[in-house]
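Chemist: Next comes the structure file protein_14.csv, holding CSV, C-alpha atoms.
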```csv
chain,number,residue,atom,x,y,z
A,1,MET,CA,-23.0,-2.2,-18.3
A,2,ALA,CA,-20.6,-3.8,-15.8
A,3,SER,CA,-20.8,-7.6,-15.5
A,4,SER,CA,-22.1,-9.1,-12.3
A,5,PRO,CA,-19.3,-10.0,-9.9
A,6,ASP,CA,-18.9,-13.5,-8.6
A,7,LEU,CA,-19.8,-14.3,-5.0
A,8,SER,CA,-16.2,-14.1,-3.7
A,9,ALA,CA,-15.8,-10.6,-5.2
A,10,LEU,CA,-19.1,-9.5,-3.7
A,11,GLN,CA,-18.1,-10.6,-0.3
A,12,GLY,CA,-14.8,-8.7,-0.8
A,13,ALA,CA,-12.5,-11.7,-1.0
A,14,PRO,CA,-9.4,-11.5,-3.2
A,15,ALA,CA,-9.0,-14.1,-5.9
A,16,ASP,CA,-5.6,-15.3,-4.6
A,17,GLU,CA,-3.7,-14.8,-1.4
A,18,PRO,CA,-0.6,-12.6,-2.1
A,19,VAL,CA,2.7,-14.4,-2.1
A,20,ALA,CA,5.6,-12.7,-0.5
A,21,PRO,CA,9.1,-13.0,-2.0
A,22,SER,CA,11.5,-15.2,-0.1
A,23,GLU,CA,14.4,-13.9,1.9
A,24,ALA,CA,16.7,-14.9,-1.0
A,25,GLU,CA,14.6,-13.0,-3.5
A,26,ILE,CA,14.6,-9.9,-1.4
A,27,SER,CA,18.3,-10.1,-1.0
A,28,GLU,CA,18.9,-10.5,-4.7
A,29,ALA,CA,16.6,-7.5,-5.4
A,30,ARG,CA,18.5,-5.4,-2.9
A,31,GLU,CA,21.8,-6.3,-4.5
A,32,ARG,CA,20.5,-5.4,-7.9
A,33,LEU,CA,19.3,-2.0,-6.5
A,34,VAL,CA,22.6,-1.1,-5.0
A,35,THR,CA,24.4,-1.7,-8.4
A,36,VAL,CA,22.2,0.9,-10.2
A,37,CYS,CA,21.7,3.6,-7.6
A,38,PRO,CA,24.0,5.3,-4.9
A,39,VAL,CA,20.9,6.3,-2.9
A,40,MET,CA,19.9,2.6,-2.7
A,41,ARG,CA,23.5,1.8,-1.8
A,42,ALA,CA,23.5,4.2,1.1
A,43,ALA,CA,20.1,3.0,2.5
A,44,HIS,CA,21.0,-0.6,2.0
A,45,ALA,CA,24.3,-0.2,4.0
A,46,ALA,CA,22.4,0.9,7.1
A,47,THR,CA,19.3,-1.2,6.8
A,48,PRO,CA,18.9,-4.7,8.4
A,49,ASP,CA,17.1,-7.6,6.8
A,50,PHE,CA,13.3,-7.1,6.6
A,51,SER,CA,10.3,-9.2,5.9
A,52,TRP,CA,8.0,-8.3,3.0
A,53,ARG,CA,4.8,-6.6,4.3
A,54,ILE,CA,1.7,-8.6,3.3
A,55,ARG,CA,-1.8,-7.7,4.4
A,56,PRO,CA,-5.3,-9.2,3.8
A,57,GLY,CA,-6.8,-7.7,0.6
A,58,GLY,CA,-10.2,-7.6,-1.0
A,59,PHE,CA,-12.9,-5.3,0.1
A,60,ALA,CA,-11.8,-5.4,3.8
A,61,GLY,CA,-8.2,-4.6,2.9
A,62,LEU,CA,-9.1,-1.6,0.7
A,63,THR,CA,-11.6,-0.3,3.2
A,64,ARG,CA,-8.9,-0.4,5.9
A,65,MET,CA,-6.5,1.5,3.6
A,66,ILE,CA,-9.2,4.2,3.2
A,67,VAL,CA,-9.7,4.3,7.0
A,68,GLU,CA,-6.0,4.8,7.6
A,69,GLN,CA,-5.6,7.7,5.2
A,70,GLN,CA,-4.3,10.9,6.8
A,71,VAL,CA,-4.6,9.8,10.4
A,72,SER,CA,-1.9,8.6,12.8
A,73,VAL,CA,-1.1,5.0,13.2
A,74,ALA,CA,-2.7,4.9,16.7
A,75,SER,CA,-5.9,6.7,15.5
A,76,ALA,CA,-6.2,4.4,12.5
A,77,ALA,CA,-5.9,1.3,14.6
A,78,ALA,CA,-8.5,2.6,17.1
A,79,ILE,CA,-11.0,3.5,14.3
A,80,TRP,CA,-10.5,0.2,12.5
A,81,ARG,CA,-11.2,-1.7,15.7
A,82,ARG,CA,-14.5,0.2,16.1
A,83,VAL,CA,-15.4,-0.5,12.4
A,84,GLN,CA,-14.7,-4.2,12.9
A,85,GLU,CA,-16.7,-4.3,16.1
A,86,GLY,CA,-19.6,-2.3,14.6
A,87,LEU,CA,-19.9,-4.1,11.3
A,88,GLY,CA,-18.9,-7.6,12.5
A,89,GLU,CA,-17.9,-8.8,9.0
A,90,ILE,CA,-16.3,-6.2,6.7
A,91,THR,CA,-18.3,-6.8,3.5
A,92,PRO,CA,-20.1,-4.5,1.0
A,93,ALA,CA,-23.4,-5.7,2.2
A,94,ALA,CA,-22.6,-4.9,5.9
A,95,VAL,CA,-21.5,-1.3,4.9
A,96,LEU,CA,-24.5,-0.7,2.7
A,97,ALA,CA,-26.9,-1.9,5.4
A,98,ARG,CA,-25.8,1.0,7.6
A,99,ASP,CA,-26.7,4.6,6.9
A,100,ALA,CA,-24.2,7.4,7.0
A,101,GLU,CA,-24.9,8.4,10.6
A,102,ALA,CA,-24.3,4.8,11.8
A,103,LEU,CA,-21.0,4.7,10.0
A,104,GLN,CA,-19.9,8.0,11.4
A,105,GLY,CA,-20.7,6.6,14.8
A,106,LEU,CA,-18.0,4.1,14.2
A,107,GLY,CA,-15.4,6.9,13.9
A,108,LEU,CA,-15.4,7.5,10.2
A,109,SER,CA,-15.4,11.1,9.0
A,110,ARG,CA,-18.1,12.2,6.6
A,111,PRO,CA,-15.7,12.0,3.5
A,112,LYS,CA,-14.6,8.5,4.5
A,113,VAL,CA,-18.2,7.4,4.9
A,114,ARG,CA,-18.8,8.5,1.3
A,115,TYR,CA,-15.6,6.7,0.2
A,116,VAL,CA,-16.4,3.5,1.9
A,117,ARG,CA,-20.0,3.4,0.8
A,118,GLY,CA,-18.9,4.2,-2.7
A,119,LEU,CA,-16.5,1.3,-2.6
A,120,ALA,CA,-19.1,-1.0,-1.3
A,121,GLN,CA,-21.5,0.1,-4.0
A,122,ALA,CA,-18.9,-0.3,-6.7
A,123,VAL,CA,-18.3,-3.9,-5.6
A,124,ALA,CA,-22.0,-4.6,-5.3
A,125,ASP,CA,-22.8,-3.4,-8.8
A,126,GLY,CA,-19.8,-5.0,-10.4
A,127,THR,CA,-17.9,-1.8,-11.2
A,128,LEU,CA,-15.0,-3.1,-9.2
A,129,ASP,CA,-14.3,-6.9,-9.1
A,130,PHE,CA,-11.4,-7.9,-6.9
A,131,ASN,CA,-11.0,-11.2,-8.8
A,132,ARG,CA,-10.6,-9.3,-12.1
A,133,LEU,CA,-8.3,-6.8,-10.4
A,134,SER,CA,-5.8,-9.6,-9.8
A,135,SER,CA,-5.7,-10.3,-13.6
A,136,LEU,CA,-4.8,-6.7,-14.5
A,137,ASN,CA,-1.3,-5.4,-15.0
A,138,ASP,CA,0.0,-2.8,-12.6
A,139,ALA,CA,-1.1,0.2,-14.6
A,140,GLU,CA,-4.5,-1.1,-15.3
A,141,ALA,CA,-5.1,-2.2,-11.6
A,142,THR,CA,-3.9,1.2,-10.4
A,143,ALA,CA,-6.3,3.0,-12.9
A,144,ALA,CA,-9.2,0.8,-11.8
A,145,LEU,CA,-8.7,1.6,-8.1
A,146,THR,CA,-8.0,5.4,-8.6
A,147,ALA,CA,-11.3,5.6,-10.6
A,148,LEU,CA,-13.0,5.2,-7.2
A,149,LYS,CA,-13.8,8.4,-5.2
A,150,GLY,CA,-11.4,8.6,-2.2
A,151,VAL,CA,-8.8,6.2,-3.7
A,152,GLY,CA,-5.7,8.1,-4.7
A,153,ALA,CA,-2.4,6.9,-6.1
A,154,TRP,CA,-1.0,6.3,-2.6
A,155,THR,CA,-3.9,4.1,-1.5
A,156,ALA,CA,-4.0,2.2,-4.8
A,157,GLU,CA,-0.2,1.6,-4.9
A,158,THR,CA,0.1,0.5,-1.3
A,159,PHE,CA,-2.9,-1.7,-1.6
A,160,LEU,CA,-1.4,-3.4,-4.6
A,161,MET,CA,1.9,-3.8,-2.9
A,162,PHE,CA,0.7,-5.0,0.5
A,163,CYS,CA,-2.5,-6.9,-0.5
A,164,HIS,CA,-1.5,-8.2,-3.9
A,165,GLY,CA,2.2,-8.7,-3.3
A,166,ARG,CA,3.0,-6.8,-6.5
A,167,ARG,CA,6.8,-6.4,-6.9
A,168,ASP,CA,7.1,-3.2,-8.9
A,169,MET,CA,5.0,-0.5,-7.1
A,170,PHE,CA,6.3,2.7,-5.6
A,171,PRO,CA,4.0,5.1,-3.7
A,172,ALA,CA,6.1,8.2,-4.2
A,173,ALA,CA,3.6,10.4,-2.3
A,174,ASP,CA,4.5,8.7,0.9
A,175,VAL,CA,6.2,11.2,3.2
A,176,ALA,CA,8.3,8.5,5.0
A,177,LEU,CA,9.7,7.3,1.6
A,178,GLN,CA,10.4,10.9,0.7
A,179,GLU,CA,12.3,11.5,3.9
A,180,ALA,CA,14.2,8.3,3.8
A,181,HIS,CA,15.2,9.1,0.2
A,182,ARG,CA,16.3,12.6,1.2
A,183,ALA,CA,18.5,11.2,4.0
A,184,ALA,CA,20.1,8.5,1.9
A,185,SER,CA,20.8,11.0,-0.9
A,186,GLY,CA,22.1,13.7,1.3
A,187,LEU,CA,19.7,16.3,0.0
A,188,GLU,CA,18.6,19.2,2.1
A,189,THR,CA,14.9,19.0,1.1
A,190,ARG,CA,12.7,16.1,0.1
A,191,LEU,CA,11.9,15.5,-3.6
A,192,SER,CA,8.3,16.0,-4.6
A,193,ALA,CA,6.1,13.0,-5.3
A,194,ALA,CA,6.6,13.5,-9.1
A,195,ALA,CA,10.3,13.9,-8.8
A,196,LEU,CA,10.7,10.8,-6.6
A,197,SER,CA,8.5,8.8,-8.9
A,198,GLU,CA,10.8,9.7,-11.8
A,199,GLN,CA,13.8,8.7,-9.7
A,200,ALA,CA,12.1,5.4,-8.9
A,201,LEU,CA,12.1,4.5,-12.6
A,202,VAL,CA,15.8,3.5,-12.2
A,203,TRP,CA,14.7,0.9,-9.7
A,204,ARG,CA,12.4,-1.1,-12.0
A,205,PRO,CA,11.4,-3.9,-11.8
A,206,HIS,CA,12.2,-3.9,-8.0
A,207,ARG,CA,10.4,-0.7,-6.9
A,208,SER,CA,8.4,-2.5,-4.2
A,209,THR,CA,11.7,-3.8,-2.7
A,210,ALA,CA,13.1,-0.3,-2.9
A,211,ALA,CA,10.0,1.1,-1.1
A,212,GLN,CA,10.2,-1.5,1.6
A,213,LEU,CA,13.9,-0.9,2.0
A,214,LEU,CA,13.4,2.8,2.4
A,215,TRP,CA,10.6,2.3,4.9
A,216,THR,CA,12.8,0.1,7.0
A,217,TYR,CA,15.6,2.6,6.6
A,218,TYR,CA,13.2,5.3,7.8
A,219,GLY,CA,12.7,3.2,10.9
A,220,VAL,CA,16.4,3.1,11.4
A,221,LEU,CA,16.6,6.9,11.1
A,222,ARG,CA,13.8,7.3,13.7
A,223,GLY,CA,15.5,5.0,16.1
A,224,ARG,CA,12.7,2.4,15.9
A,225,ILE,CA,14.9,-0.2,14.2
A,226,ALA,CA,18.5,-1.0,15.0
A,227,ALA,CA,20.9,-0.2,12.2
A,228,ALA,CA,22.8,-3.1,10.7
A,229,PRO,CA,25.7,-1.9,8.6
A,230,LYS,CA,26.3,-4.1,5.5
A,231,VAL,CA,29.0,-4.4,2.9
A,232,SER,CA,27.2,-3.4,-0.3
A,233,SER,CA,28.2,-4.4,-3.7
A,234,GLY,CA,29.9,-1.9,-5.9
A,235,CYS,CA,29.0,-0.6,-9.3
```
Show how you would write the structure in this file as structure tokens.

Modeler:
Amino acid sequence: MASSPDLSALQGAPADEPVAPSEAEISEARERLVTVCPVMRAAHAATPDFSWRIRPGGFAGLTRMIVEQQVSVASAAAIWRRVQEGLGEITPAAVLARDAEALQGLGLSRPKVRYVRGLAQAVADGTLDFNRLSSLNDAEATAALTALKGVGAWTAETFLMFCHGRRDMFPAADVALQEAHRAASGLETRLSAAALSEQALVWRPHRSTAAQLLWTYYGVLRGRIAAAPKVSSGC
């Protein structure tokens, strides 16, 4: 039987606020990456400085990740606003107090209603404790999250990176990461998630920096971020 979660976990609050690495730490990680991988060297050379992405975690943070799955950025933002307005406070209790029809009225699809209610129930009955999650190592935390219906590897890995500030995560199923890697490596086609995950092993223990570098590089490729050529260190 799962132990009862403490009050902060039941309310969906994370145990600790994630701490983003400093600019100096990001710079050091980038320099280490370019010494071990020519793909990182190519991406680094065209990518300006970036800030580490940090987002609120806990129940609300993971719920938002589920809401954002497989929809455009604009659609995700619009649906999330409706969810916030409709629920008021994003807590397991607020979700479980609404039936499926009410949650669908906030813009959630039927599958996402099941996923969000399942998450809320898991927190309520102690199956998932966000405070305990913070004490688990990366593999254990990923396994605990992906055990939940509707939480796949991408959702778990991005949640742990953005909402826990974990330094060695790499969501290889992310299409933007796959495309950025393809461009930096000069390949004609993208690597599969499995192949990219294997490639990312070279970047340990800085895979989160590698991911955030490639996401920023993708922004450069799409013209959303100005390129900033750099002198990269050699091997």

Chemist: Identify, on the basis of only C-alpha atoms, every residue whose closest approach to region 84-100 of chain A does not exceed 12 Å; exclude the query and any residue fewer than 3 positions from it along the same chain; express the result as an MDAnalysis selection string.

Modeler: chainID A and resid 7:13 56:64 67 77:81 103:126 128:129

Chemist: Produce a file of the selected residues containing C-alpha atoms, as an mmCIF file, in the coordinates of the input.

Modeler:
```cif
data_model
loop_
_atom_site.group_PDB
_atom_site.id
_atom_site.type_symbol
_atom_site.label_atom_id
_atom_site.label_comp_id
_atom_site.auth_asym_id
_atom_site.auth_seq_id
_atom_site.Cartn_x
_atom_site.Cartn_y
_atom_site.Cartn_z
ATOM 1 C CA LEU A 7 -19.800 -14.300 -5.000
ATOM 2 C CA SER A 8 -16.200 -14.100 -3.700
ATOM 3 C CA ALA A 9 -15.800 -10.600 -5.200
ATOM 4 C CA LEU A 10 -19.100 -9.500 -3.700
ATOM 5 C CA GLN A 11 -18.100 -10.600 -0.300
ATOM 6 C CA GLY A 12 -14.800 -8.700 -0.800
ATOM 7 C CA ALA A 13 -12.500 -11.700 -1.000
ATOM 8 C CA PRO A 56 -5.300 -9.200 3.800
ATOM 9 C CA GLY A 57 -6.800 -7.700 0.600
ATOM 10 C CA GLY A 58 -10.200 -7.600 -1.000
ATOM 11 C CA PHE A 59 -12.900 -5.300 0.100
ATOM 12 C CA ALA A 60 -11.800 -5.400 3.800
ATOM 13 C CA GLY A 61 -8.200 -4.600 2.900
ATOM 14 C CA LEU A 62 -9.100 -1.600 0.700
ATOM 15 C CA THR A 63 -11.600 -0.300 3.200
ATOM 16 C CA ARG A 64 -8.900 -0.400 5.900
ATOM 17 C CA VAL A 67 -9.700 4.300 7.000
ATOM 18 C CA ALA A 77 -5.900 1.300 14.600
ATOM 19 C CA ALA A 78 -8.500 2.600 17.100
ATOM 20 C CA ILE A 79 -11.000 3.500 14.300
ATOM 21 C CA TRP A 80 -10.500 0.200 12.500
ATOM 22 C CA ARG A 81 -11.200 -1.700 15.700
ATOM 23 C CA LEU A 103 -21.000 4.700 10.000
ATOM 24 C CA GLN A 104 -19.900 8.000 11.400
ATOM 25 C CA GLY A 105 -20.700 6.600 14.800
ATOM 26 C CA LEU A 106 -18.000 4.100 14.200
ATOM 27 C CA GLY A 107 -15.400 6.900 13.900
ATOM 28 C CA LEU A 108 -15.400 7.500 10.200
ATOM 29 C CA SER A 109 -15.400 11.100 9.000
ATOM 30 C CA ARG A 110 -18.100 12.200 6.600
ATOM 31 C CA PRO A 111 -15.700 12.000 3.500
ATOM 32 C CA LYS A 112 -14.600 8.500 4.500
ATOM 33 C CA VAL A 113 -18.200 7.400 4.900
ATOM 34 C CA ARG A 114 -18.800 8.500 1.300
ATOM 35 C CA TYR A 115 -15.600 6.700 0.200
ATOM 36 C CA VAL A 116 -16.400 3.500 1.900
ATOM 37 C CA ARG A 117 -20.000 3.400 0.800
ATOM 38 C CA GLY A 118 -18.900 4.200 -2.700
ATOM 39 C CA LEU A 119 -16.500 1.300 -2.600
ATOM 40 C CA ALA A 120 -19.100 -1.000 -1.300
ATOM 41 C CA GLN A 121 -21.500 0.100 -4.000
ATOM 42 C CA ALA A 122 -18.900 -0.300 -6.700
ATOM 43 C CA VAL A 123 -18.300 -3.900 -5.600
ATOM 44 C CA ALA A 124 -22.000 -4.600 -5.300
ATOM 45 C CA ASP A 125 -22.800 -3.400 -8.800
ATOM 46 C CA GLY A 126 -19.800 -5.000 -10.400
ATOM 47 C CA LEU A 128 -15.000 -3.100 -9.200
ATOM 48 C CA ASP A 129 -14.300 -6.900 -9.100
#
```

Chemist: Compile the contact shell of Ser134 (chain A) as a PyMOL selection string: residues with an atom at most 12 Å away, counting all atoms listed in the file, same-chain residues fewer than 2 positions apart removed.

Modeler: chain A and resi 9+13-18+57-58+128-132+136-142+144-145+159-161+163-166

Chemist: Could you list, as JSON, numbers by chain, every residue within 10 Å of Gln212 (chain A), counting all atoms listed in the file and ignoring same-chain residues fewer than 4 positions away?

Modeler: {"A": [26, 50, 51, 52, 53, 161, 170, 177, 207, 208, 216, 217, 218]}

Chemist: What is the CA of Glu179 (chain A) to CA of Arg167 (chain A) distance in Å?

Modeler: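 Those two atoms sit 21.6 Å apart.
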
Chemist: Any idea what the distance is between CA of Pro48 (chain A) and CA of Glu31 (chain A)?

Modeler: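 Value for the CA of Pro48 (chain A)-CA of Glu31 (chain A) distance: 13.3 Å.
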
Chemist: Do a neighbour search on Thr189 (chain A) at 10 Å with only C-alpha atoms, toss out local chain neighbours closer than 6 positions, and write the hits as a PyMOL selection string.

Modeler: chain A and resi 178-179+181-183

Chemist: Rounded to one decimal, what separation in Å do you get between CA of Arg30 (chain A) and CA of Ser135 (chain A)?

Modeler: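 Taking CA of Arg30 (chain A) as the start and CA of Ser135 (chain A) as the end point, the length is 26.9 Å.
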
Chemist: Go through A:Val83, A:Met169, A:Leu187, A:Ala156 and flag the residue nearest His206 (chain A), using all atoms listed in the file for the distances.

Modeler: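 Smallest separation from His206 (chain A) among the options: A:Met169.
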
Chemist: Nearest to Thr209 (chain A): which of A:Ser192, A:Ala74, A:Asp168, A:Gly186 is it, counting all atoms listed in the file?

Modeler: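 Of A:Ser192, A:Ala74, A:Asp168, A:Gly186, the one nearest Thr209 (chain A), counting all atoms listed in the file, is A:Asp168.
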
Chemist: Draw an axis-aligned box over all listed atoms of region 131-138 of chain A, pad each side with 4 Å, and write its centre and edge lengths in Å, one decimal, as AutoDock Vina command-line options.

Modeler:
```
--center_x -5.5 --center_y -7.0 --center_z -11.9 --size_x 19.0 --size_y 16.4 --size_z 14.2
```

Chemist: Kindly provide, as a list in words, the polymer residues lying within 9 Å of (-1.4, 5.2, -3.0), counting all atoms listed in the file and using the coordinates exactly as they appear in the file.

Modeler: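 Here is the list of nearby residues: Thr142, Thr146, Val151, Gly152, Ala153, Trp154, Thr155, Ala156, Glu157, Thr158, Phe159, Leu160, Phe170, Pro171, Ala172, Ala173 and Asp174 of chain A.
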
Chemist: Looking at all atoms listed in the file, which of A:Arg32, A:His44, A:Arg190, A:Arg55 is the one that sits closest to Leu213 (chain A)?

Modeler: A:His44

Chemist: With distances taken over all atoms listed in the file, which of A:Ile66, A:Ala176, A:Ala194, A:Ala42 is nearest to Lys149 (chain A)?

Modeler: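 Residue with the minimum atom-to-atom distance to Lys149 (chain A): A:Ile66.
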
Chemist: Considering all atoms listed in the file, can you say which of A:Ala227, A:Ala184, A:Leu196, A:Ala147 comes closest to Pro38 (chain A)?

Modeler: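 With all atoms listed in the file as the atom set, the closest residue is A:Ala184.
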